[in-house]
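Containing mmCIF, C-alpha atoms: protein24.cif.
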```
data_work
loop_
_atom_site.label_atom_id
_atom_site.label_comp_id
_atom_site.auth_asym_id
_atom_site.auth_seq_id
_atom_site.Cartn_x
_atom_site.Cartn_y
_atom_site.Cartn_z
CA MET A 14 62.26 26.66 6.75
CA GLN A 15 62.04 27.98 3.18
CA CYS A 16 58.96 27.77 0.94
CA PRO A 17 59.60 25.04 -1.69
CA LYS A 18 57.73 27.14 -4.28
CA CYS A 19 58.93 30.73 -3.89
CA ARG A 20 61.76 30.35 -1.35
CA GLY A 21 60.00 32.73 1.03
CA ASN A 22 60.11 32.38 4.80
CA MET A 23 57.63 29.85 6.31
CA ARG A 24 56.05 30.25 9.71
CA THR A 25 54.60 27.47 11.91
CA PHE A 26 50.98 27.66 13.12
CA ASP A 27 49.05 25.26 15.31
CA ARG A 28 45.39 24.73 14.42
CA ASN A 29 43.46 22.25 16.59
CA GLY A 30 46.52 20.11 17.08
CA VAL A 31 47.58 20.20 13.42
CA HIS A 32 50.93 21.82 12.64
CA ILE A 33 50.95 23.80 9.43
CA GLU A 34 53.70 25.84 7.81
CA GLN A 35 52.57 28.88 5.88
CA CYS A 36 54.72 30.99 3.57
CA ASP A 37 54.80 34.72 4.50
CA ASN A 38 55.35 35.56 0.83
CA CYS A 39 52.97 33.39 -1.36
CA ARG A 40 50.65 32.22 1.52
CA GLY A 41 51.20 28.60 0.40
CA ILE A 42 50.75 25.92 3.09
CA PHE A 43 52.94 22.90 3.86
CA LEU A 44 51.59 19.92 5.84
CA ASP A 45 53.75 17.39 7.69
CA TYR A 46 53.33 13.64 7.16
CA GLY A 47 49.88 12.44 8.51
CA GLU A 48 48.47 15.92 8.95
CA LEU A 49 46.31 15.83 5.81
CA GLU A 50 44.74 12.60 7.15
CA THR A 51 44.14 14.27 10.51
CA LEU A 52 42.36 17.15 8.78
CA SER A 53 40.20 14.72 6.73
CA ARG A 54 39.22 12.88 9.88
CA MET A 55 38.24 16.09 11.61
CA GLU A 56 36.22 17.15 8.58
CA ASN A 57 34.28 13.86 8.60
CA GLN A 58 33.53 14.20 12.30
CA TRP A 59 32.19 17.68 11.73
CA ASN A 60 30.02 16.52 8.82
CA GLN A 61 28.49 13.73 10.87
CA GLN A 62 27.59 16.20 13.59
CA HIS A 63 26.15 18.86 11.34
CA TYR A 64 24.67 17.25 8.23
CA ALA A 65 20.94 16.34 8.17
CA PRO A 66 20.16 12.83 9.42
CA PRO A 67 19.14 10.19 6.83
CA PRO A 68 15.45 10.21 5.75
CA ALA A 69 13.09 9.14 8.52
CA PRO A 70 11.62 5.64 8.07
CA GLY A 71 8.17 7.02 7.38
CA PRO A 72 6.34 10.02 5.96
CA ALA A 73 6.49 13.50 7.48
CA TRP A 74 2.74 13.32 8.16
CA GLY A 75 2.93 9.89 9.84
CA GLY A 76 1.47 9.75 13.29
CA GLY A 77 1.55 6.30 14.73
CA HIS A 78 5.23 6.27 15.43
CA HIS A 79 5.31 9.57 17.28
CA GLY A 80 2.01 9.26 19.08
CA GLY A 81 0.12 6.18 20.17
CA HIS A 82 0.52 2.77 18.61
CA HIS A 83 -2.70 1.06 17.71
CA TYR A 84 -1.46 -2.39 16.93
CA GLY A 85 -0.97 -4.97 19.65
CA HIS A 86 -3.43 -6.19 22.21
CA HIS A 87 -6.48 -4.35 20.93
CA ARG A 88 -5.95 -4.97 17.26
CA ARG A 89 -8.47 -7.78 16.96
CA SER A 90 -11.28 -5.25 17.18
CA TRP A 91 -10.42 -3.76 13.79
CA VAL A 92 -8.00 -6.24 12.22
CA ASN A 93 -10.63 -7.17 9.64
CA ALA A 94 -10.00 -3.75 8.10
CA LEU A 95 -6.59 -4.99 6.99
CA PHE A 96 -8.29 -7.73 5.01
CA SER A 97 -11.03 -5.80 3.23
CA SER A 98 -11.46 -3.10 0.58
CA MET B 10 -29.50 -24.95 2.49
CA SER B 11 -32.01 -25.89 -0.18
CA ARG B 12 -31.49 -24.50 -3.67
CA GLY B 13 -34.08 -22.22 -5.20
CA SER B 14 -36.01 -21.86 -1.99
CA SER B 15 -37.81 -18.58 -1.44
CA SER B 16 -35.59 -18.03 1.59
CA ALA B 17 -32.38 -18.00 -0.48
CA GLY B 18 -32.75 -14.27 -1.16
CA ARG B 19 -32.46 -13.55 2.55
CA LEU B 20 -28.77 -14.38 2.27
CA SER B 21 -28.23 -10.93 0.79
CA ARG B 22 -29.44 -7.66 2.30
CA VAL B 23 -28.22 -5.59 -0.67
CA SER B 24 -29.04 -7.77 -3.69
CA PRO B 25 -31.51 -10.52 -2.64
CA ASP B 26 -32.77 -11.01 -6.21
CA LEU B 27 -29.32 -12.09 -7.37
CA VAL B 28 -28.92 -14.95 -4.93
CA PRO B 29 -30.89 -17.66 -6.81
CA HIS B 30 -29.00 -16.78 -10.02
CA LEU B 31 -25.64 -17.01 -8.31
CA LEU B 32 -26.55 -20.36 -6.76
CA ARG B 33 -27.62 -21.62 -10.19
CA LEU B 34 -24.37 -20.45 -11.83
CA ALA B 35 -22.28 -22.01 -9.08
CA GLY B 36 -24.07 -25.32 -9.66
CA GLY B 37 -22.73 -28.03 -7.41
CA ASP B 38 -23.60 -28.69 -3.84
CA GLY B 39 -22.34 -27.67 -0.49
CA PRO B 40 -22.94 -25.14 2.22
CA VAL B 41 -23.57 -21.52 1.18
CA THR B 42 -21.75 -18.69 2.94
CA VAL B 43 -22.01 -14.95 2.21
CA LEU B 44 -18.47 -13.62 1.88
CA LYS B 45 -19.38 -10.08 0.84
CA ASP B 46 -22.66 -8.22 0.46
CA THR B 47 -21.95 -4.66 -0.67
CA LYS B 48 -21.80 -3.28 -4.20
CA VAL B 49 -20.53 -6.74 -4.99
CA LEU B 50 -22.16 -9.96 -3.83
CA VAL B 51 -19.79 -12.86 -3.17
CA LEU B 52 -21.06 -16.28 -2.10
CA ARG B 53 -19.12 -19.40 -1.31
CA VAL B 54 -20.99 -22.46 -2.52
CA GLY B 55 -19.20 -25.65 -1.60
CA GLU B 56 -15.79 -25.58 -3.26
CA LEU B 57 -16.64 -22.61 -5.47
CA VAL B 58 -16.91 -18.86 -4.99
CA VAL B 59 -19.33 -16.91 -7.14
CA LYS B 60 -19.09 -13.13 -7.45
CA ALA B 61 -21.58 -10.64 -8.90
CA HIS B 62 -19.48 -7.64 -9.98
CA PRO B 63 -20.85 -4.13 -9.35
CA ALA B 64 -23.79 -2.89 -11.39
CA GLY B 65 -22.65 -0.29 -13.87
CA ALA B 66 -19.09 -1.61 -14.10
CA ASP B 67 -17.38 -0.95 -17.45
CA GLU B 68 -18.00 -4.37 -18.99
CA LYS B 69 -15.29 -4.20 -21.64
CA ALA B 70 -12.67 -3.21 -19.05
CA LEU B 71 -13.85 -5.82 -16.56
CA ARG B 72 -13.84 -8.59 -19.18
CA ALA B 73 -10.27 -7.62 -20.18
CA ARG B 74 -9.23 -7.87 -16.53
CA LEU B 75 -10.97 -11.21 -16.01
CA ALA B 76 -9.24 -12.55 -19.14
CA VAL B 77 -5.74 -12.02 -17.69
CA ARG B 78 -3.94 -15.28 -16.94
CA LEU B 79 -0.98 -15.17 -14.55
CA PRO B 80 -0.45 -18.78 -13.40
CA GLY B 81 1.11 -19.09 -9.97
CA LEU B 82 0.45 -15.41 -9.28
CA MET B 83 -3.23 -14.63 -9.69
CA LEU B 84 -6.32 -16.75 -9.44
CA ALA B 85 -8.22 -17.07 -12.74
CA PRO B 86 -12.00 -17.43 -13.00
CA LEU B 87 -13.53 -20.77 -14.05
CA LYS B 88 -16.48 -19.16 -15.77
CA ILE B 89 -17.89 -15.71 -16.59
CA ASP B 90 -21.58 -15.10 -17.14
CA ARG B 91 -24.09 -12.33 -16.84
CA VAL B 92 -27.20 -11.79 -14.74
CA GLY B 93 -29.18 -8.81 -15.99
CA ASP B 94 -26.72 -5.91 -16.19
CA ARG B 95 -24.15 -7.56 -13.94
CA LEU B 96 -21.19 -9.75 -14.81
CA VAL B 97 -20.87 -12.84 -12.62
CA SER B 98 -17.66 -14.84 -12.26
CA VAL B 99 -17.10 -18.28 -10.71
CA TRP B 100 -13.82 -19.16 -8.96
CA PRO B 101 -12.23 -22.04 -7.11
CA ALA B 102 -12.50 -21.48 -3.35
CA GLY B 103 -9.30 -21.15 -1.35
CA ILE B 104 -8.53 -22.25 2.18
CA PRO B 105 -10.32 -19.80 4.50
CA LEU B 106 -8.24 -17.55 6.76
CA THR B 107 -7.89 -18.64 10.36
CA PRO B 108 -7.68 -16.44 13.47
CA ASP B 109 -3.92 -17.16 13.35
CA ASP B 110 -3.76 -15.55 9.91
CA LEU B 111 -5.33 -12.41 11.36
CA GLU B 112 -2.92 -12.41 14.28
CA GLU B 113 0.11 -13.13 12.12
CA PRO B 114 -0.73 -11.87 8.61
CA PRO B 115 1.14 -13.30 5.60
CA TRP B 116 3.15 -10.11 4.97
CA GLU B 117 6.02 -11.92 3.24
CA ALA B 118 3.73 -13.82 0.87
CA GLY B 119 2.07 -10.52 -0.04
CA GLY B 120 5.36 -8.74 -0.68
CA ARG B 121 6.73 -11.56 -2.79
CA LEU B 122 3.58 -11.98 -4.92
CA LEU B 123 3.41 -8.25 -5.61
CA ALA B 124 7.09 -8.15 -6.62
CA ARG B 125 6.49 -11.03 -9.03
CA LEU B 126 3.31 -9.43 -10.38
CA HIS B 127 5.26 -6.21 -10.94
CA ALA B 128 7.84 -8.10 -13.03
CA GLN B 129 5.16 -9.17 -15.55
CA PRO B 130 4.46 -7.30 -18.79
CA VAL B 131 1.10 -5.57 -19.13
CA PRO B 132 -1.22 -7.99 -21.00
CA PRO B 133 -2.59 -6.47 -24.20
CA GLY B 134 -5.96 -4.77 -23.94
CA LEU B 135 -5.76 -4.15 -20.21
CA PRO B 136 -7.14 -0.73 -19.11
CA ALA B 137 -5.56 1.69 -16.61
CA MET B 138 -5.61 0.48 -13.01
CA GLY B 139 -8.53 1.57 -10.90
CA GLY B 140 -6.74 2.89 -7.81
CA GLN B 141 -7.37 6.62 -8.20
CA ASP B 142 -11.05 6.06 -9.00
CA ARG B 143 -11.41 4.27 -5.67
CA VAL B 144 -10.21 7.41 -3.87
CA HIS B 145 -12.66 9.63 -5.78
CA ARG B 146 -15.55 7.26 -5.01
CA ALA B 147 -14.61 6.91 -1.33
CA VAL B 148 -14.74 10.64 -0.55
CA ALA B 149 -17.90 11.33 -2.60
CA PRO B 150 -20.38 10.72 0.29
CA LEU B 151 -18.57 13.17 2.61
CA GLU B 152 -19.69 16.77 2.87
CA GLU B 153 -17.51 19.62 1.61
CA GLY B 154 -15.45 21.02 4.45
CA HIS B 155 -14.94 17.69 6.16
CA VAL B 156 -11.25 17.34 7.06
CA ILE B 157 -11.02 14.24 4.85
CA ARG B 158 -12.41 16.22 1.91
CA GLN B 159 -9.90 18.98 2.61
CA ALA B 160 -7.03 16.47 2.71
CA TYR B 161 -8.39 14.92 -0.51
CA ARG B 162 -8.06 18.26 -2.29
CA THR B 163 -4.31 18.31 -1.54
CA LEU B 164 -3.73 14.90 -3.22
CA ASP B 165 -2.04 14.41 -6.55
CA LEU B 166 -4.25 11.79 -8.23
CA ALA B 167 -3.03 12.22 -11.79
CA PRO B 168 -2.69 8.80 -13.44
CA ARG B 169 0.94 7.92 -14.16
CA GLY B 170 3.02 4.94 -15.19
CA ASN B 171 2.50 2.08 -17.59
CA ARG B 172 3.44 -1.03 -15.61
CA LEU B 173 1.21 -3.84 -14.35
CA VAL B 174 -0.57 -2.95 -11.08
CA HIS B 175 -3.07 -4.93 -8.97
CA GLY B 176 -4.87 -1.69 -8.13
CA ASP B 177 -6.58 -2.69 -4.86
CA TRP B 178 -4.12 -4.65 -2.80
CA HIS B 179 -4.76 -5.47 0.84
CA LEU B 180 -4.29 -8.62 2.92
CA GLY B 181 -7.72 -9.94 1.94
CA GLN B 182 -6.47 -10.17 -1.65
CA LEU B 183 -4.28 -13.12 -0.62
CA VAL B 184 -5.93 -16.52 -0.69
CA ARG B 185 -4.25 -19.77 0.27
CA PHE B 186 -4.47 -22.79 -2.00
CA PRO B 187 -2.81 -26.17 -1.59
CA SER B 188 -0.17 -24.90 -4.06
CA GLY B 189 0.51 -21.73 -2.02
CA TRP B 190 -0.77 -18.16 -1.77
CA LEU B 191 -2.31 -16.44 -4.80
CA LEU B 192 -3.53 -12.91 -5.48
CA ILE B 193 -7.24 -12.59 -6.17
CA ASP B 194 -9.64 -9.92 -7.44
CA PRO B 195 -8.53 -8.44 -10.78
CA ASP B 196 -11.33 -5.84 -10.75
CA ASP B 197 -8.84 -2.94 -10.56
CA LEU B 198 -5.95 -4.65 -12.39
CA GLY B 199 -4.36 -2.45 -15.03
CA TYR B 200 -1.41 -0.34 -16.03
CA GLY B 201 -0.16 2.47 -13.85
CA GLU B 202 2.24 3.29 -11.03
CA GLN B 203 3.25 0.11 -9.23
CA VAL B 204 3.98 1.86 -5.93
CA TRP B 205 0.20 2.14 -5.62
CA ASP B 206 0.10 -1.55 -4.63
CA LEU B 207 2.32 -0.84 -1.60
CA ALA B 208 0.39 2.26 -0.59
CA ARG B 209 -2.29 0.70 1.56
CA PRO B 210 0.12 -1.11 3.92
CA ALA B 211 2.18 2.10 3.88
CA ALA B 212 -0.91 4.05 4.95
CA TRP B 213 -1.62 1.57 7.76
CA TYR B 214 1.99 1.86 8.93
CA ALA B 215 1.98 5.66 8.73
CA SER B 216 -1.15 5.75 10.91
CA GLY B 217 0.30 3.32 13.44
CA LEU B 218 -2.10 0.50 12.55
CA VAL B 219 0.68 -1.92 11.72
CA SER B 220 4.05 -1.93 13.46
CA GLY B 221 7.35 -0.96 11.91
CA ALA B 222 8.37 -4.62 12.16
CA GLU B 223 5.35 -5.73 10.10
CA TRP B 224 5.90 -2.99 7.54
CA GLU B 225 9.56 -4.04 7.24
CA ARG B 226 8.55 -7.68 6.75
CA PHE B 227 6.24 -6.69 3.89
CA LEU B 228 8.56 -4.17 2.21
CA GLY B 229 11.64 -6.33 2.84
CA ALA B 230 10.01 -9.35 1.15
CA TYR B 231 8.94 -7.15 -1.77
CA LEU B 232 12.45 -5.77 -2.27
CA ALA B 233 14.16 -9.14 -1.73
CA GLU B 234 11.96 -10.64 -4.47
CA GLY B 235 13.16 -7.93 -6.85
CA GLY B 236 10.29 -5.44 -6.48
CA THR B 237 11.16 -2.16 -8.19
CA ALA B 238 8.30 0.19 -7.28
CA VAL B 239 10.38 2.03 -4.64
CA THR B 240 13.97 3.16 -4.10
CA PRO B 241 15.35 0.73 -1.49
CA GLU B 242 17.37 3.50 0.24
CA ASP B 243 14.45 5.93 0.44
CA PRO B 244 11.14 4.14 -0.28
CA TRP B 245 9.03 7.06 0.97
CA ARG B 246 10.17 9.17 -1.96
CA GLU B 247 7.77 7.12 -4.11
CA LEU B 248 5.39 6.04 -1.34
CA ASP B 249 4.51 9.43 0.10
CA GLY B 250 1.92 10.52 -2.48
CA PRO B 251 0.08 7.19 -2.92
CA ALA B 252 0.14 6.53 0.85
CA ARG B 253 -1.50 9.94 1.40
CA ALA B 254 -4.18 8.96 -1.14
CA LEU B 255 -4.84 5.58 0.50
CA THR B 256 -5.01 7.20 3.94
CA VAL B 257 -7.71 9.55 2.66
CA GLN B 258 -9.55 6.66 1.00
CA LEU B 259 -9.44 4.45 4.09
CA ALA B 260 -10.46 7.29 6.41
CA ALA B 261 -13.38 8.19 4.13
CA ILE B 262 -14.64 4.61 4.00
CA ALA B 263 -14.27 4.22 7.78
CA VAL B 264 -16.24 7.41 8.47
CA THR B 265 -18.93 6.58 5.91
CA THR B 266 -19.34 3.05 7.30
CA ALA B 267 -19.55 4.27 10.91
CA ARG B 268 -22.18 6.86 9.96
CA ARG B 269 -24.25 4.35 8.02
CA GLU B 270 -24.22 1.90 10.91
CA GLY B 271 -24.76 4.58 13.54
CA ASN B 272 -21.48 3.77 15.28
CA THR B 273 -18.80 6.02 16.70
CA LEU B 274 -15.38 5.85 15.06
CA ASP B 275 -13.22 2.97 16.25
CA GLU B 276 -9.56 3.54 17.05
CA ALA B 277 -8.42 2.59 13.56
CA ALA B 278 -10.79 5.15 12.02
CA GLU B 279 -9.67 7.79 14.54
CA ALA B 280 -6.03 7.15 13.65
CA LEU B 281 -6.77 7.50 9.92
CA VAL B 282 -8.69 10.75 10.39
CA SER B 283 -5.82 12.12 12.51
CA SER B 284 -3.47 11.27 9.66
CA CYS B 285 -5.73 13.24 7.29
CA GLU B 286 -5.35 16.27 9.58
CA ARG B 287 -1.57 15.92 9.39
CA ILE B 288 -1.68 15.39 5.60
CA LEU B 289 -3.52 18.70 5.40
CA ALA B 290 -0.87 20.36 7.59
CA THR B 291 2.10 18.80 5.74
CA PRO B 292 2.12 19.65 2.04
CA PRO B 293 4.11 17.29 -0.20
CA THR B 294 7.78 18.29 -0.42
CA SER B 295 8.13 17.67 -4.15
#
```

What is this structure when it is put down as structure tokens?
Amino acid sequence: MQCPKCRGNMRTFDRNGVHIEQCDNCRGIFLDYGELETLSRMENQWNQQHYAPPPAPGPAWGGGHHGGHHYGHHRRSWVNALFSS
Amino acid sequence: MSRGSSSAGRLSRVSPDLVPHLLRLAGGDGPVTVLKDTKVLVLRVGELVVKAHPAGADEKALRARLAVRLPGLMLAPLKIDRVGDRLVSVWPAGIPLTPDDLEEPPWEAGGRLLARLHAQPVPPGLPAMGGQDRVHRAVAPLEEGHVIRQAYRTLDLAPRGNRLVHGDWHLGQLVRFPSGWLLIDPDDLGYGEQVWDLARPAAWYASGLVSGAEWERFLGAYLAEGGTAVTPEDPWRELDGPARALTVQLAAIAVTTARREGNTLDEAAEALVSSCERILATPPTS
């Protein structure tokens, strides 16, 4: 097919299942119907895999939720500490 | 117990001389119970509670705090007097906590009351809240080089903010009345950074002393009631610094108390000291 911009010759490439036409002359790219959406979806999937996870529900120096938990059966021994200055 | 008897002073180990004066100011009849016998002396006498505030407290600041009236939010004193150099206040007694309250603390009531307190304007004449001073005082008995002292030196304790803050909130600052729960103890009430009021439960949670579910109940109730001290999407942005400070304060008090009483550290104290080690190893990100 011919490039709609410069009338140059367009060549078909296949990138991860997405067909793209690129102009040999101006390097412009033509996408078929639905292929832009496919690219967006792939981009989102990549972001979810590679971006940092949301902030942890606690401080970086917190210990109780990585190591031992102290609440529960033995809490009565020190529960008064929760009620005093 | 008979009033004015020579044995009344035995009720207090720390301030025996104050006891007859407190009983006189409370007036009335009824059984006498010691609720607190530290730098403050708090007695329940029948349906009243009488509190001798610490010696050397800033009287002008304390009187301004005791003069605050927040109906439905904070208990107000019935009477303020003085014994020697100490201010004494008399209060209505609430319904005492039961073992069930300890097992199933009123996290939601606490969160809601703090959110409503935080929506109030700062009453005129109120001083800065006393939270940071509590941290300074707590670490003072510990020797230089102690891990808690080292963690203390990494804290940012600069006073900030100009909103109404309770200043010393913990579960014992909730008292049940027939009308519902109220906040008590305005001794550290003032203007400052409101996130400070959430910092002690945050410190407990960070050290594993309360569960994530309990922490969520407290914070969720605070946010649902319109509390604005933290960003709902990332509450630890605001909580991190004050929760570090409260962890240091609580660890220092636990260690000092255990030393004074000749006890080894209990598991809560151990957890708080471990958190201090991690605070030292994890500088604040901002």

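Among B:Gly36, B:Pro86, B:Pro241, B:Gly221, the residue with the shortest atom-to-atom distance to Asp196 (chain B), counting all atoms listed in the file, is B:Pro86.
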
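With all atoms listed in the file as the atoms that count, the residue of A:Gly21, A:Pro70, A:Gly75, A:Gly47 with the shortest distance to chain B is A:Gly75.
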
> Could you name the residues that touch region 37-39 of chain A at 10 Å or less, counting only C-alpha atoms, but leaving out those on the same chain fewer than 2 positions away, as a list in words?
Replying inline: Gln15, Cys16, Lys18, Cys19, Arg20, Gly21, Asn22, Met23, Arg24, Glu34, Gln35, Gly41 and Ile42 of chain A

Please report as a Markdown table every residue of chain B lying within 6 Å of chain A, along with the nearest atom pair and their distance in Å (one decimal), using all atoms listed in the file.
```
| residue | atom | partner | partner_atom | distance |
| --- | --- | --- | --- | --- |
| B:His179 | CA | A:Phe96 | CA | 5.9 |
| B:Leu180 | CA | A:Phe96 | CA | 4.6 |
| B:Gly181 | CA | A:Phe96 | CA | 3.8 |
| B:Ala215 | CA | A:Gly75 | CA | 4.5 |
| B:Ser216 | CA | A:Gly77 | CA | 4.7 |
| B:Gly217 | CA | A:Gly77 | CA | 3.5 |
| B:Leu218 | CA | A:His83 | CA | 5.2 |
| B:Val219 | CA | A:Tyr84 | CA | 5.7 |
| B:Arg287 | CA | A:Trp74 | CA | 5.2 |
| B:Ile288 | CA | A:Trp74 | CA | 5.5 |
```

>> Here's the selection I'm unsure about, the PyMOL selection byres ((chain B and resi 231) around 10); applied to the file above, which residues does it give, as a PyMOL selection string?
In response: chain B and resi 116-125+127+207+225-230+232-239

Next, dump the selected residues to file, keeping only C-alpha atoms, as a PDB file, in the frame of the given file.
```
ATOM      1  CA  TRP B 116       3.150 -10.110   4.970  1.00  0.00           C
ATOM      2  CA  GLU B 117       6.020 -11.920   3.240  1.00  0.00           C
ATOM      3  CA  ALA B 118       3.730 -13.820   0.870  1.00  0.00           C
ATOM      4  CA  GLY B 119       2.070 -10.520  -0.040  1.00  0.00           C
ATOM      5  CA  GLY B 120       5.360  -8.740  -0.680  1.00  0.00           C
ATOM      6  CA  ARG B 121       6.730 -11.560  -2.790  1.00  0.00           C
ATOM      7  CA  LEU B 122       3.580 -11.980  -4.920  1.00  0.00           C
ATOM      8  CA  LEU B 123       3.410  -8.250  -5.610  1.00  0.00           C
ATOM      9  CA  ALA B 124       7.090  -8.150  -6.620  1.00  0.00           C
ATOM     10  CA  ARG B 125       6.490 -11.030  -9.030  1.00  0.00           C
ATOM     11  CA  HIS B 127       5.260  -6.210 -10.940  1.00  0.00           C
ATOM     12  CA  LEU B 207       2.320  -0.840  -1.600  1.00  0.00           C
ATOM     13  CA  GLU B 225       9.560  -4.040   7.240  1.00  0.00           C
ATOM     14  CA  ARG B 226       8.550  -7.680   6.750  1.00  0.00           C
ATOM     15  CA  PHE B 227       6.240  -6.690   3.890  1.00  0.00           C
ATOM     16  CA  LEU B 228       8.560  -4.170   2.210  1.00  0.00           C
ATOM     17  CA  GLY B 229      11.640  -6.330   2.840  1.00  0.00           C
ATOM     18  CA  ALA B 230      10.010  -9.350   1.150  1.00  0.00           C
ATOM     19  CA  LEU B 232      12.450  -5.770  -2.270  1.00  0.00           C
ATOM     20  CA  ALA B 233      14.160  -9.140  -1.730  1.00  0.00           C
ATOM     21  CA  GLU B 234      11.960 -10.640  -4.470  1.00  0.00           C
ATOM     22  CA  GLY B 235      13.160  -7.930  -6.850  1.00  0.00           C
ATOM     23  CA  GLY B 236      10.290  -5.440  -6.480  1.00  0.00           C
ATOM     24  CA  THR B 237      11.160  -2.160  -8.190  1.00  0.00           C
ATOM     25  CA  ALA B 238       8.300   0.190  -7.280  1.00  0.00           C
ATOM     26  CA  VAL B 239      10.380   2.030  -4.640  1.00  0.00           C
TER      27      VAL B 239
END
```

Mind filling out region 99-117 of chain B with N, CA and C atoms and sending it as a tab-separated table (two decimals), keeping the file's coordinate frame?
```
chain	number	residue	atom	x	y	z
B	99	VAL	N	-17.16	-17.11	-11.61
B	99	VAL	CA	-17.10	-18.28	-10.71
B	99	VAL	C	-15.64	-18.68	-10.55
B	100	TRP	N	-15.24	-18.94	-9.30
B	100	TRP	CA	-13.82	-19.16	-8.96
B	100	TRP	C	-13.68	-20.39	-8.08
B	101	PRO	N	-12.49	-21.00	-8.11
B	101	PRO	CA	-12.23	-22.04	-7.11
B	101	PRO	C	-12.09	-21.39	-5.73
B	102	ALA	N	-12.62	-22.03	-4.70
B	102	ALA	CA	-12.50	-21.48	-3.35
B	102	ALA	C	-11.14	-21.84	-2.77
B	103	GLY	N	-10.57	-20.90	-2.02
B	103	GLY	CA	-9.30	-21.15	-1.35
B	103	GLY	C	-9.53	-21.70	0.04
B	104	ILE	N	-8.44	-21.81	0.79
B	104	ILE	CA	-8.53	-22.25	2.18
B	104	ILE	C	-8.83	-21.02	3.02
B	105	PRO	N	-9.95	-21.02	3.78
B	105	PRO	CA	-10.32	-19.80	4.50
B	105	PRO	C	-9.24	-19.39	5.51
B	106	LEU	N	-9.17	-18.08	5.76
B	106	LEU	CA	-8.24	-17.55	6.76
B	106	LEU	C	-8.64	-18.04	8.14
B	107	THR	N	-7.65	-18.24	8.97
B	107	THR	CA	-7.89	-18.64	10.36
B	107	THR	C	-7.60	-17.44	11.27
B	108	PRO	N	-8.04	-17.52	12.53
B	108	PRO	CA	-7.68	-16.44	13.47
B	108	PRO	C	-6.16	-16.23	13.55
B	109	ASP	N	-5.39	-17.31	13.36
B	109	ASP	CA	-3.92	-17.16	13.35
B	109	ASP	C	-3.45	-16.27	12.21
B	110	ASP	N	-4.14	-16.39	11.06
B	110	ASP	CA	-3.76	-15.55	9.91
B	110	ASP	C	-3.97	-14.08	10.24
B	111	LEU	N	-5.05	-13.80	10.99
B	111	LEU	CA	-5.33	-12.41	11.36
B	111	LEU	C	-4.28	-11.90	12.34
B	112	GLU	N	-3.90	-12.79	13.26
B	112	GLU	CA	-2.92	-12.41	14.28
B	112	GLU	C	-1.53	-12.24	13.68
B	113	GLU	N	-1.24	-13.09	12.71
B	113	GLU	CA	0.11	-13.13	12.12
B	113	GLU	C	-0.05	-13.10	10.59
B	114	PRO	N	-0.40	-11.93	10.04
B	114	PRO	CA	-0.73	-11.87	8.61
B	114	PRO	C	0.44	-12.28	7.71
B	115	PRO	N	0.10	-12.80	6.52
B	115	PRO	CA	1.14	-13.30	5.60
B	115	PRO	C	1.82	-12.15	4.85
B	116	TRP	N	2.52	-11.29	5.59
B	116	TRP	CA	3.15	-10.11	4.97
B	116	TRP	C	4.16	-10.51	3.90
B	117	GLU	N	4.97	-11.54	4.20
B	117	GLU	CA	6.02	-11.92	3.24
B	117	GLU	C	5.41	-12.45	1.95
```
